[in-house]
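Shown below: query.txt, with compact mmCIF, C-alpha atoms and all ligand atoms.
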```
# COMPACT_ATOMS: atom_id res chain seq x y z
CA MET A 12 17.67 104.88 201.92
CA ALA A 13 19.41 107.60 199.92
CA ASN A 14 19.77 107.57 196.16
CA ILE A 15 22.30 109.60 194.22
CA MET A 16 21.17 111.00 190.87
CA VAL A 17 24.45 110.56 189.02
CA THR A 18 23.24 112.14 185.80
CA LYS A 19 20.27 114.14 184.65
CA ARG A 20 20.65 112.78 181.15
CA CYS A 21 18.52 109.95 179.88
CA ASN A 22 18.32 107.90 176.68
CA LEU A 23 14.54 107.51 177.07
CA ARG A 24 11.61 109.84 177.68
CA CYS A 25 9.09 107.69 179.54
CA PRO A 26 5.64 109.29 179.60
CA TYR A 27 5.21 108.54 183.30
CA CYS A 28 8.66 109.61 184.53
CA PHE A 29 8.34 111.39 187.87
CA ALA A 30 11.92 112.67 187.62
CA ASN A 31 11.02 114.69 184.54
CA GLU A 32 11.44 117.97 186.42
CA PHE A 33 15.18 117.21 186.43
CA VAL A 34 15.76 114.92 183.48
CA ASN A 35 17.33 116.98 180.70
CA ASP A 36 20.27 116.96 178.30
CA SER A 37 23.11 117.83 180.64
CA GLY A 38 24.20 117.36 184.21
CA ASP A 39 26.57 114.48 185.01
CA ILE A 40 27.83 114.43 188.58
CA THR A 41 31.56 115.16 188.90
CA ILE A 42 33.76 112.58 190.61
CA ASN A 43 34.49 115.07 193.43
CA GLU A 44 30.82 115.79 193.98
CA PHE A 45 30.07 112.06 193.94
CA ARG A 46 32.68 111.42 196.62
CA SER A 47 31.42 114.29 198.72
CA ILE A 48 27.78 113.06 198.54
CA LEU A 49 28.96 109.54 199.41
CA ASP A 50 30.76 110.95 202.47
CA PHE A 51 27.60 112.77 203.51
CA ILE A 52 25.49 109.59 203.21
CA LEU A 53 28.02 107.32 204.92
CA LEU A 54 29.51 109.64 207.53
CA ASP A 55 27.35 108.60 210.50
CA GLY A 56 27.33 104.89 209.62
CA SER A 57 23.54 104.75 209.96
CA ASP A 58 22.93 103.15 206.56
CA PRO A 59 25.50 101.19 204.53
CA LYS A 60 23.16 101.00 201.50
CA LEU A 61 22.62 103.43 198.69
CA GLY A 62 21.04 103.66 195.27
CA LEU A 63 22.19 105.12 191.97
CA ILE A 64 19.51 106.78 189.88
CA GLY A 65 19.17 109.31 187.08
CA GLY A 66 18.22 110.13 184.40
CA GLU A 67 19.86 106.95 183.26
CA PRO A 68 22.87 106.23 185.52
CA THR A 69 24.63 103.96 183.03
CA ILE A 70 25.08 106.82 180.54
CA HIS A 71 27.10 108.88 183.04
CA CYS A 72 30.32 109.72 181.14
CA GLU A 73 32.45 107.96 183.80
CA PHE A 74 30.04 105.34 185.09
CA ASP A 75 32.82 102.76 185.33
CA LYS A 76 34.73 105.07 187.70
CA LEU A 77 31.64 105.49 189.88
CA LEU A 78 31.26 101.71 190.09
CA ASN A 79 34.91 101.31 191.03
CA ILE A 80 34.62 103.93 193.77
CA ILE A 81 31.67 102.04 195.25
CA ALA A 82 33.39 98.67 194.90
CA GLU A 83 36.43 99.95 196.80
CA ASP A 84 34.55 101.79 199.54
CA GLU A 85 34.34 99.49 202.55
CA ARG A 86 31.62 101.61 204.13
CA ILE A 87 29.19 100.54 201.38
CA LYS A 88 27.63 97.11 201.80
CA ASN A 89 24.98 97.28 199.14
CA CYS A 90 24.24 99.45 196.10
CA ILE A 91 21.10 99.24 193.98
CA ILE A 92 21.36 100.56 190.46
CA TYR A 93 18.07 101.76 189.02
CA THR A 94 18.41 101.45 185.27
CA ASN A 95 16.44 101.07 182.08
CA GLY A 96 18.93 98.32 181.20
CA ILE A 97 19.85 99.46 177.69
CA LYS A 98 23.54 100.20 178.32
CA LEU A 99 24.27 97.57 180.95
CA LYS A 100 26.28 95.19 178.82
CA LYS A 101 29.58 97.08 178.88
CA PHE A 102 29.59 97.25 182.70
CA ILE A 103 28.85 93.60 183.44
CA ASN A 104 32.39 92.79 184.56
CA LEU A 105 32.29 95.53 187.19
CA LEU A 106 28.74 94.60 188.22
CA GLU A 107 29.89 91.09 189.06
CA ASN A 108 30.97 92.56 192.41
CA GLU A 109 28.40 91.20 194.90
CA LYS A 110 27.67 94.64 196.32
CA PHE A 111 25.65 95.57 193.28
CA ARG A 112 21.97 94.85 192.69
CA LEU A 113 20.13 95.84 189.54
CA LEU A 114 16.59 97.09 189.42
CA ILE A 115 15.88 97.03 185.70
CA ASN A 116 12.92 99.21 184.82
CA CYS A 117 11.47 97.61 181.67
CA ASN A 118 9.85 99.89 179.12
CA ASP A 119 8.18 98.83 175.93
CA ILE A 120 10.82 99.92 173.42
CA ARG A 121 10.04 97.32 170.76
CA ASN A 122 9.22 100.04 168.24
CA SER A 123 12.85 101.19 168.31
CA HIS A 124 14.79 98.26 166.88
CA SER A 125 18.22 99.56 167.82
CA LEU A 126 17.26 100.29 171.46
CA PHE A 127 15.39 97.02 171.78
CA ASP A 128 18.29 94.99 170.39
CA GLU A 129 20.70 96.70 172.78
CA PHE A 130 18.33 96.13 175.71
CA SER A 131 17.85 92.43 174.85
CA ASP A 132 21.56 91.94 174.42
CA SER A 133 22.30 93.61 177.77
CA LEU A 134 19.68 91.56 179.58
CA ASP A 135 20.95 88.31 178.06
CA VAL A 136 24.46 89.07 179.29
CA ALA A 137 23.32 90.34 182.70
CA PHE A 138 21.04 87.37 183.40
CA HIS A 139 23.76 85.02 182.25
CA SER A 140 26.26 86.29 184.82
CA ILE A 141 24.41 87.89 187.76
CA SER A 142 20.79 86.72 187.53
CA LYS A 143 20.36 86.37 191.32
CA ARG A 144 21.00 90.09 191.81
CA ILE A 145 18.58 91.33 189.15
CA THR A 146 14.98 92.37 189.68
CA LEU A 147 12.85 93.45 186.76
CA GLY A 148 10.36 96.26 187.22
CA ALA A 149 7.18 97.30 185.42
CA ASN A 150 5.49 100.69 185.63
CA PHE A 151 1.74 100.25 185.47
CA TYR A 152 1.20 103.80 184.29
CA LYS A 153 -2.30 103.66 182.85
CA PRO A 154 -5.28 101.36 183.38
CA ASP A 155 -4.95 99.82 179.92
CA TYR A 156 -1.15 99.42 180.23
CA ASP A 157 -0.12 96.79 177.70
CA TYR A 158 2.07 94.48 179.80
CA GLY A 159 2.47 91.67 177.22
CA TYR A 160 6.16 92.46 176.71
CA ILE A 161 6.76 92.13 180.46
CA LEU A 162 5.28 88.63 180.46
CA GLU A 163 7.65 87.73 177.63
CA LEU A 164 10.64 88.99 179.63
CA VAL A 165 9.51 87.16 182.76
CA LYS A 166 9.17 83.95 180.76
CA LYS A 167 12.47 84.37 178.94
CA TYR A 168 14.50 84.98 182.10
CA SER A 169 12.46 82.71 184.43
CA CYS A 170 11.92 85.54 186.90
CA ASP A 171 10.37 84.49 190.20
CA LYS A 172 9.56 88.05 191.25
CA LEU A 173 8.62 91.33 189.58
CA ARG A 174 8.56 94.81 191.07
CA VAL A 175 5.38 96.56 190.01
CA SER A 176 4.84 100.30 190.42
CA ILE A 177 1.49 101.89 190.01
CA SER A 178 3.02 105.04 188.60
CA LEU A 179 2.54 108.24 190.50
CA PRO A 180 1.11 111.29 188.84
CA ASN A 181 3.90 113.40 187.40
CA SER A 182 1.76 116.49 187.03
CA LYS A 183 -0.77 118.23 189.22
CA ASP A 184 -3.72 117.66 186.92
CA TYR A 185 -4.15 114.04 187.93
CA GLU A 186 -7.29 112.62 186.42
CA TYR A 187 -8.69 110.49 189.26
CA GLU A 188 -9.18 110.55 193.00
CA PRO A 189 -6.49 108.12 194.31
CA LEU A 190 -8.81 105.52 195.84
CA ASN A 191 -11.01 105.60 192.75
CA TYR A 192 -7.96 105.28 190.56
CA PHE A 193 -6.80 102.22 192.52
CA LYS A 194 -10.26 100.71 192.01
CA ILE A 195 -10.12 101.43 188.29
CA VAL A 196 -6.72 99.75 187.85
CA LYS A 197 -7.43 96.88 190.22
CA PRO A 198 -9.10 94.48 187.73
CA HIS A 199 -6.26 95.06 185.25
CA ILE A 200 -3.64 94.59 187.96
CA PHE A 201 -5.34 91.38 189.05
CA THR A 202 -5.36 89.95 185.54
CA PHE A 203 -1.71 90.90 185.17
CA PHE A 204 -0.79 89.38 188.54
CA ARG A 205 -2.60 86.15 187.78
CA GLU A 206 -0.78 85.86 184.46
CA LEU A 207 2.51 86.43 186.26
CA LYS A 208 1.58 83.86 188.88
CA ALA A 209 0.87 81.31 186.15
CA LEU A 210 4.47 81.84 185.00
CA GLY A 211 5.80 81.22 188.51
CA CYS A 212 6.47 84.91 189.12
CA ILE A 213 5.18 86.76 192.19
CA PRO A 214 4.73 90.51 191.88
CA PHE A 215 5.41 92.98 194.67
CA PHE A 216 4.88 96.70 195.16
CA ASP A 217 7.68 98.66 196.77
CA CYS A 218 5.88 101.98 196.89
CA ASN A 219 2.43 103.44 196.23
CA ILE A 220 1.08 100.21 197.66
CA MET A 221 -2.61 99.63 197.06
CA PRO A 222 -4.56 100.03 200.32
CA SER A 223 -6.37 96.93 201.57
CA CYS A 224 -9.80 98.64 201.36
CA VAL A 225 -9.51 98.49 197.58
CA PHE A 226 -9.69 94.68 197.72
CA THR A 227 -12.50 92.32 198.64
CA ALA A 228 -11.97 89.72 201.37
CA GLU A 229 -11.66 87.01 198.67
CA GLU A 230 -9.02 88.99 196.82
CA MET A 231 -7.05 89.51 200.02
CA LEU A 232 -7.22 85.76 200.65
CA GLU A 233 -5.83 85.09 197.21
CA PHE A 234 -2.87 87.35 198.00
CA GLU A 235 -2.42 85.56 201.35
CA GLU A 236 -2.12 82.27 199.44
CA TRP A 237 0.59 83.70 197.24
CA GLY A 238 2.35 84.99 200.33
CA ARG A 239 2.65 81.47 201.66
CA GLU A 240 4.24 80.32 198.43
CA ASN A 241 6.80 83.04 197.84
CA PRO A 242 8.72 85.41 200.10
CA PHE A 243 8.43 88.26 197.59
CA SER A 244 4.66 88.32 197.67
CA VAL A 245 2.65 91.53 197.46
CA ILE A 246 1.20 90.63 200.80
CA LYS A 247 4.52 91.13 202.53
CA ASN A 248 4.16 94.80 201.79
CA ARG A 249 0.71 95.25 203.26
CA HIS A 250 1.89 98.08 205.51
CA THR A 251 1.62 101.00 203.11
CA GLY A 252 3.98 103.56 204.64
CA CYS A 253 7.39 104.37 203.15
CA VAL A 254 10.60 105.16 204.97
CA PRO A 255 12.03 108.52 203.99
CA VAL A 256 13.48 107.80 200.58
CA ILE A 257 15.84 110.65 199.80
CA ASP A 258 17.02 111.49 196.31
CA ILE A 259 20.16 113.62 196.03
CA LEU A 260 20.83 115.50 192.79
CA PRO A 261 24.31 116.03 191.25
CA ASP A 262 24.66 119.49 192.86
CA GLY A 263 23.70 118.30 196.36
CA THR A 264 20.05 119.35 196.17
CA ALA A 265 17.96 116.82 198.12
CA VAL A 266 14.29 115.90 197.66
CA ARG A 267 12.08 113.61 199.70
CA CYS A 268 11.58 111.25 196.72
CA PHE A 269 11.10 112.56 193.16
CA GLY A 270 7.34 112.29 193.53
CA LEU A 271 7.46 115.02 196.18
CA SER A 272 10.23 117.04 194.59
CA GLU A 273 8.32 120.24 193.94
CA TYR A 274 7.70 120.70 197.65
CA SER A 275 10.66 119.21 199.45
CA LYS A 276 13.84 120.70 198.00
CA THR A 277 16.71 121.48 200.31
CA ASN A 278 20.50 121.01 200.12
CA ILE A 279 22.56 118.39 201.90
CA ARG A 280 24.96 121.16 202.95
CA ASN A 281 22.31 122.44 205.35
CA PHE A 282 22.66 119.20 207.36
CA ALA A 283 25.42 117.58 209.37
CA CYS A 284 24.68 114.03 208.20
CA ILE A 285 22.08 111.86 206.48
CA GLN A 286 20.24 111.16 209.77
CA ASP A 287 19.73 114.91 210.26
CA LEU A 288 18.25 115.15 206.79
CA LYS A 289 16.01 112.11 207.41
CA PHE A 290 14.68 113.65 210.62
CA TYR A 291 14.08 116.90 208.78
CA TYR A 292 11.89 115.06 206.24
CA LEU A 293 10.17 113.06 208.96
CA ARG A 294 9.23 116.37 210.63
CA THR A 295 8.34 118.39 207.55
CA VAL A 296 6.80 115.76 205.25
CA ASP A 297 6.11 112.35 206.80
CA ALA A 298 4.64 113.54 210.11
CA TYR A 299 2.15 115.77 208.27
CA ALA A 300 1.39 113.03 205.75
CA LEU A 301 0.52 110.55 208.49
CA ASN A 302 -1.97 113.07 209.84
CA SER A 303 -3.53 113.86 206.47
CA ALA A 304 -6.18 111.59 205.00
CA THR A 305 -6.04 110.60 201.34
CA ASP A 306 -9.81 110.33 201.26
CA LYS A 307 -12.55 111.37 203.66
CA LYS A 308 -13.41 107.73 204.26
CA CYS A 309 -9.92 107.26 205.78
CA ILE A 310 -10.72 109.57 208.70
CA SER A 311 -12.82 106.93 210.44
CA CYS A 312 -10.63 103.99 209.36
CA TYR A 313 -8.62 102.25 212.08
CA LYS A 314 -5.72 101.78 209.67
CA PHE A 315 -5.42 105.54 209.27
CA LYS A 316 -5.82 106.11 212.99
CA THR A 317 -3.14 103.56 213.80
CA ALA A 318 -0.80 104.76 211.01
CA LYS A 319 -0.92 101.37 209.29
CA CYS A 320 -2.03 102.82 205.99
CA THR A 321 -1.02 106.02 204.21
CA GLY A 322 -3.68 105.64 201.51
CA GLY A 323 -1.14 105.08 198.74
CA CYS A 324 1.80 107.37 198.03
CA LEU A 325 2.23 110.54 200.10
CA VAL A 326 2.18 112.56 196.88
CA TYR A 327 -1.62 112.18 196.76
CA LYS A 328 -1.99 114.41 199.77
CA ILE A 329 0.77 116.90 199.19
CA GLY A 330 -1.68 119.83 199.15
CA LYS A 331 -2.93 118.85 202.61
CA ILE A 332 0.63 118.32 203.89
CA ILE A 333 1.59 121.84 202.83
CA ASP A 334 -1.56 123.35 204.36
CA LYS A 335 -0.88 121.70 207.72
CA TYR A 336 2.81 122.60 207.65
CA GLU A 337 2.15 126.23 206.80
CA LYS A 338 -0.57 126.60 209.43
CA GLU A 339 1.78 125.30 212.10
CA CYS A 340 4.91 127.12 211.03
CA PHE A 341 3.69 130.54 210.01
C1 LIG A 401 13.55 108.00 187.80
S1 LIG A 401 14.12 106.36 187.41
C2 LIG A 401 15.84 106.65 187.11
C3 LIG A 401 16.63 105.40 186.78
C4 LIG A 401 16.39 104.73 185.45
N1 LIG A 401 16.39 105.61 184.36
C5 LIG A 401 15.12 103.91 185.49
O1 LIG A 401 14.21 104.17 184.70
O2 LIG A 401 15.07 102.98 186.30
C6 LIG A 401 14.17 105.57 189.00
C7 LIG A 401 12.94 104.77 189.32
O3 LIG A 401 11.81 105.62 189.28
C8 LIG A 401 10.70 104.85 188.90
N2 LIG A 401 9.66 105.76 188.38
C9 LIG A 401 9.75 106.63 187.35
N3 LIG A 401 8.60 107.32 187.20
C10 LIG A 401 7.76 106.86 188.17
C11 LIG A 401 6.43 107.20 188.55
N4 LIG A 401 5.72 108.13 187.89
N5 LIG A 401 5.89 106.55 189.61
C12 LIG A 401 6.60 105.61 190.29
N6 LIG A 401 7.86 105.26 189.98
C13 LIG A 401 8.44 105.87 188.93
C14 LIG A 401 11.23 103.90 187.85
O4 LIG A 401 10.48 102.72 187.80
C15 LIG A 401 12.63 103.63 188.38
O5 LIG A 401 12.65 102.45 189.15
S1 LIG A 402 11.89 106.52 184.13
FE1 LIG A 402 14.13 106.31 183.92
S2 LIG A 402 14.39 105.72 181.75
FE2 LIG A 402 12.35 106.58 181.91
S3 LIG A 402 12.64 108.78 181.38
FE3 LIG A 402 12.71 108.59 183.63
S4 LIG A 402 14.86 108.44 184.08
FE4 LIG A 402 14.64 107.94 181.88
S1 LIG A 403 -6.66 104.38 205.66
FE1 LIG A 403 -7.94 104.94 203.91
S2 LIG A 403 -6.92 104.02 202.15
FE2 LIG A 403 -6.11 102.98 203.98
S3 LIG A 403 -7.39 101.17 204.25
FE3 LIG A 403 -8.30 102.84 205.49
S4 LIG A 403 -9.82 103.79 204.14
FE4 LIG A 403 -8.46 102.58 202.84
```

Please, can you express the file's structure as structure tokens?
Amino acid sequence: MANIMVTKRCNLRCPYCFANEFVNDSGDITINEFRSILDFILLDGSDPKLGLIGGEPTIHCEFDKLLNIIAEDERIKNCIIYTNGIKLKKFINLLENEKFRLLINCNDIRNSHSLFDEFSDSLDVAFHSISKRITLGANFYKPDYDYGYILELVKKYSCDKLRVSISLPNSKDYEYEPLNYFKIVKPHIFTFFRELKALGCIPFFDCNIMPSCVFTAEEMLEFEEWGRENPFSVIKNRHTGCVPVIDILPDGTAVRCFGLSEYSKTNIRNFACIQDLKFYYLRTVDAYALNSATDKKCISCYKFKTAKCTGGCLVYKIGKIIDKYEKECF
């Protein structure tokens, strides 16, 4: 799926933000550029879905116009808006259009009363009118991540699912080996998940999925049980690969997901259509990633050999991907 970064501006500065290479004080997409990127994504009819990201998309100076363009474009069946939720309230009428889904990334902003009040107000209004099309998200960005405020939100809005991201490193000096890091966060994740489960909420990962070798057989069984009870279970995402997620910046620069941005920049104008760009990333990033092991123990693992596990996010092996690519191409 392709996401359009409609603005580089943001009203928050999250410590874990992997878009921080681009997030700054200026850079709203123009309406013309937005239309031209939409045409590029939709031209070949291969994917009628798209995402809006930022920065914070809802602070784009003409966000209402962008929503109207999407609402009126018959080529678009589904649009996910990735938002921190703070400014949603004034767009609720437009978001009532069934095409829109909201992925609200919840940050702990309780220490800023004005932001927190605005956020709470927006969520109250949004859940009141379009609750079925809202998913809340939590970024588990450190082992001792204090998720108490998430539990409160889940309880308040009776959420039956929660998107959980184990945040990716946003700098090269990542502290842990990935599989060790997964093991370190696992007990905390489990406690969190069980508390969610007790509230009737099933968590799911949609990227950087924890590999099965991190869990014991009993833990896997527990997940299986949850899977039987709820279609959004973590277990549904046991295959740990990711389709080429493509993020397109306001000037047409494309990256193979923000996490891989330093190494995968190109421009949509170098490609005839979105499928061309996808194949380019499959050749230059994904194919090398599938052949690079996250950890030496993966090399003898059948899940690695059968491409059923990528060992977490591809970003963990970017150095190896580049080595392989350069050896083959130069
Ligand atoms: C870059 S944000 C932009 C949109 C909006 N400001 C927001 O926070 O949702 C888009 C998505 O990236 C995710 N994200 C940000 N930093 C991340 C990281 N280090 N690892 C994984 N996901 C991350 C957020 O959870 C959010 O869903
Ligand atoms: S994660 Fe979203 S809200 Fe947080 S700094 Fe990045 S763009 Fe802004
Ligand atoms: S491929 Fe690696 S990370 Fe995945 S299950 Fe096997 S050993 Fe674990």

All residues within 7 Å of ligand LIG 401 (chain A) are required, counting only C-alpha atoms and all ligand atoms; please report them as an NGL selection string. :A and (21 or 27-30 or 64-68 or 93-95 or 114-116 or 148-150 or 176-181)

Quick one: pull the distance between atom CA of Ala318 of chain A and atom CA of Leu293 of chain A, Å, one decimal. 13.9 Å

Between A:Met221, A:Ala300, A:Ala137, A:Ile329, single out the one closest to ligand LIG 403 (chain A), counting all atoms listed in the file.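 Distance minimum relative to ligand LIG 403 (chain A) lands on A:Met221.
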
Point-to-point distance from atom CA of Phe138 of chain A to atom CA of Ala209 of chain A, Å rounded to tenths: 21.2 Å

Please provide the set of residues having any atom within 9 Å of Asp135 of chain A, restricted to all atoms listed in the file, with same-chain residues fewer than 4 positions apart removed, written as an MDAnalysis selection string. chainID A and resid 100 130:131 139:140 168

Nearby residues, ligand LIG 403 (chain A), 6 Å, all atoms listed in the file, as number ranges by chain: A: 222-224, 308-309, 312, 314-315, 320-322

So that I have them on file, write out the residues from the current selection with C-alpha atoms, as a CSV table (one decimal), in the frame of the given file.
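After the write, selection_20.csv holds the following:
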```csv
chain,number,residue,atom,x,y,z
A,222,PRO,CA,-4.6,100.0,200.3
A,223,SER,CA,-6.4,96.9,201.6
A,224,CYS,CA,-9.8,98.6,201.4
A,308,LYS,CA,-13.4,107.7,204.3
A,309,CYS,CA,-9.9,107.3,205.8
A,312,CYS,CA,-10.6,104.0,209.4
A,314,LYS,CA,-5.7,101.8,209.7
A,315,PHE,CA,-5.4,105.5,209.3
A,320,CYS,CA,-2.0,102.8,206.0
A,321,THR,CA,-1.0,106.0,204.2
A,322,GLY,CA,-3.7,105.6,201.5
```

Using 12 Å as the limit and counting all atoms listed in the file, can you tabulate each residue of segment 46-156 of chain A that touches segment 188-194 of chain A, with its shortest atom-to-atom distance in Å and the two atoms involved, as JSON lines?
```
{"residue": "A:Phe151", "atom": "CA", "partner": "A:Phe193", "partner_atom": "CA", "distance": 11.2}
{"residue": "A:Tyr152", "atom": "CA", "partner": "A:Tyr192", "partner_atom": "CA", "distance": 11.2}
{"residue": "A:Lys153", "atom": "CA", "partner": "A:Tyr192", "partner_atom": "CA", "distance": 9.7}
{"residue": "A:Pro154", "atom": "CA", "partner": "A:Tyr192", "partner_atom": "CA", "distance": 8.6}
```

Using all atoms listed in the file: which of A:Ile279, A:Ile200, A:Leu162, A:Ile97 has the shortest distance to Phe127 of chain A: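 Result for the nearest residue to Phe127 of chain A: A:Ile97.
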
For segment 72-86 of chain A, please output as a PDB file with C-alpha atoms, keeping the file's coordinate frame all residues within 7 Å (counting only C-alpha atoms; exclusion window: fewer than 3 positions along the same chain).
```pdb
ATOM      1  CA  LEU A  53      28.020 107.320 204.920  1.00  0.00           C
ATOM      2  CA  PRO A  59      25.500 101.190 204.530  1.00  0.00           C
ATOM      3  CA  THR A  69      24.630 103.960 183.030  1.00  0.00           C
ATOM      4  CA  PHE A 102      29.590  97.250 182.700  1.00  0.00           C
ATOM      5  CA  LEU A 105      32.290  95.530 187.190  1.00  0.00           C
TER       6      LEU A 105
END
```

Selected residue of minimal separation from Asp132 of chain A among A:Lys101, A:Lys110, A:Lys172, A:Arg267, counting only C-alpha atoms: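 Closest to Asp132 of chain A of all the choices is A:Lys101.
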
Could you work out an axis-aligned box for segment 32-41 of chain A, taking every atom the file lists and adding 3 Å on each side, and report centre and edge lengths in Å to one decimal, as AutoDock Vina command-line options?
```
--center_x 21.5 --center_y 116.2 --center_z 183.6 --size_x 26.1 --size_y 9.5 --size_z 16.6
```

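Here the question is which of A:Gly263, A:Asn278, A:Leu49, A:Ile120 gets nearest to Arg24 of chain A using only C-alpha atoms, and that residue is A:Ile120.
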
Name all residues at most 10 Å from Asp171 of chain A (count all atoms listed in the file; drop same-chain ones fewer than 3 positions away) and give them as a list in words.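 So the residues in contact are Thr146, Leu147, Val165, Lys166, Tyr168, Leu207, Lys208, Leu210, Gly211, Cys212, Ile213, Pro214, Asn241 and Phe243 of chain A.
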
With distances taken over all atoms listed in the file, the candidate from A:Leu134, A:Ile141, A:Val256, A:Leu113 nearest Cys324 of chain A is A:Val256

Which is closest to ligand LIG 402 (chain A) among A:Asn35, A:Thr317, A:Ser47, A:Ser142, if we use all atoms listed in the file? A:Asn35

What's the separation between atom CA of Pro261 of chain A and atom CA of Asp55 of chain A, in Å to one decimal place?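 Going from atom CA of Pro261 of chain A over to atom CA of Asp55 of chain A covers 20.9 Å.
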
Considering all atoms listed in the file, return as an NGL selection string whatever protein or nucleic-acid residues lie within 12 Å of Val266 of chain A, sequence-local ones (same chain, fewer than 5 positions apart) excluded. :A and (13-16 or 30 or 32-33 or 255-261 or 271-279 or 288-289 or 291-292 or 295-296)

For the residues in the current selection, export C-alpha atoms as a compact mmCIF listing (two decimals), keeping the file's coordinate frame.
```txt
# COMPACT_ATOMS: atom_id res chain seq x y z
CA ALA A 13 19.41 107.60 199.92
CA ASN A 14 19.77 107.57 196.16
CA ILE A 15 22.30 109.60 194.22
CA MET A 16 21.17 111.00 190.87
CA ALA A 30 11.92 112.67 187.62
CA GLU A 32 11.44 117.97 186.42
CA PHE A 33 15.18 117.21 186.43
CA PRO A 255 12.03 108.52 203.99
CA VAL A 256 13.48 107.80 200.58
CA ILE A 257 15.84 110.65 199.80
CA ASP A 258 17.02 111.49 196.31
CA ILE A 259 20.16 113.62 196.03
CA LEU A 260 20.83 115.50 192.79
CA PRO A 261 24.31 116.03 191.25
CA LEU A 271 7.46 115.02 196.18
CA SER A 272 10.23 117.04 194.59
CA GLU A 273 8.32 120.24 193.94
CA TYR A 274 7.70 120.70 197.65
CA SER A 275 10.66 119.21 199.45
CA LYS A 276 13.84 120.70 198.00
CA THR A 277 16.71 121.48 200.31
CA ASN A 278 20.50 121.01 200.12
CA ILE A 279 22.56 118.39 201.90
CA LEU A 288 18.25 115.15 206.79
CA LYS A 289 16.01 112.11 207.41
CA TYR A 291 14.08 116.90 208.78
CA TYR A 292 11.89 115.06 206.24
CA THR A 295 8.34 118.39 207.55
CA VAL A 296 6.80 115.76 205.25
```
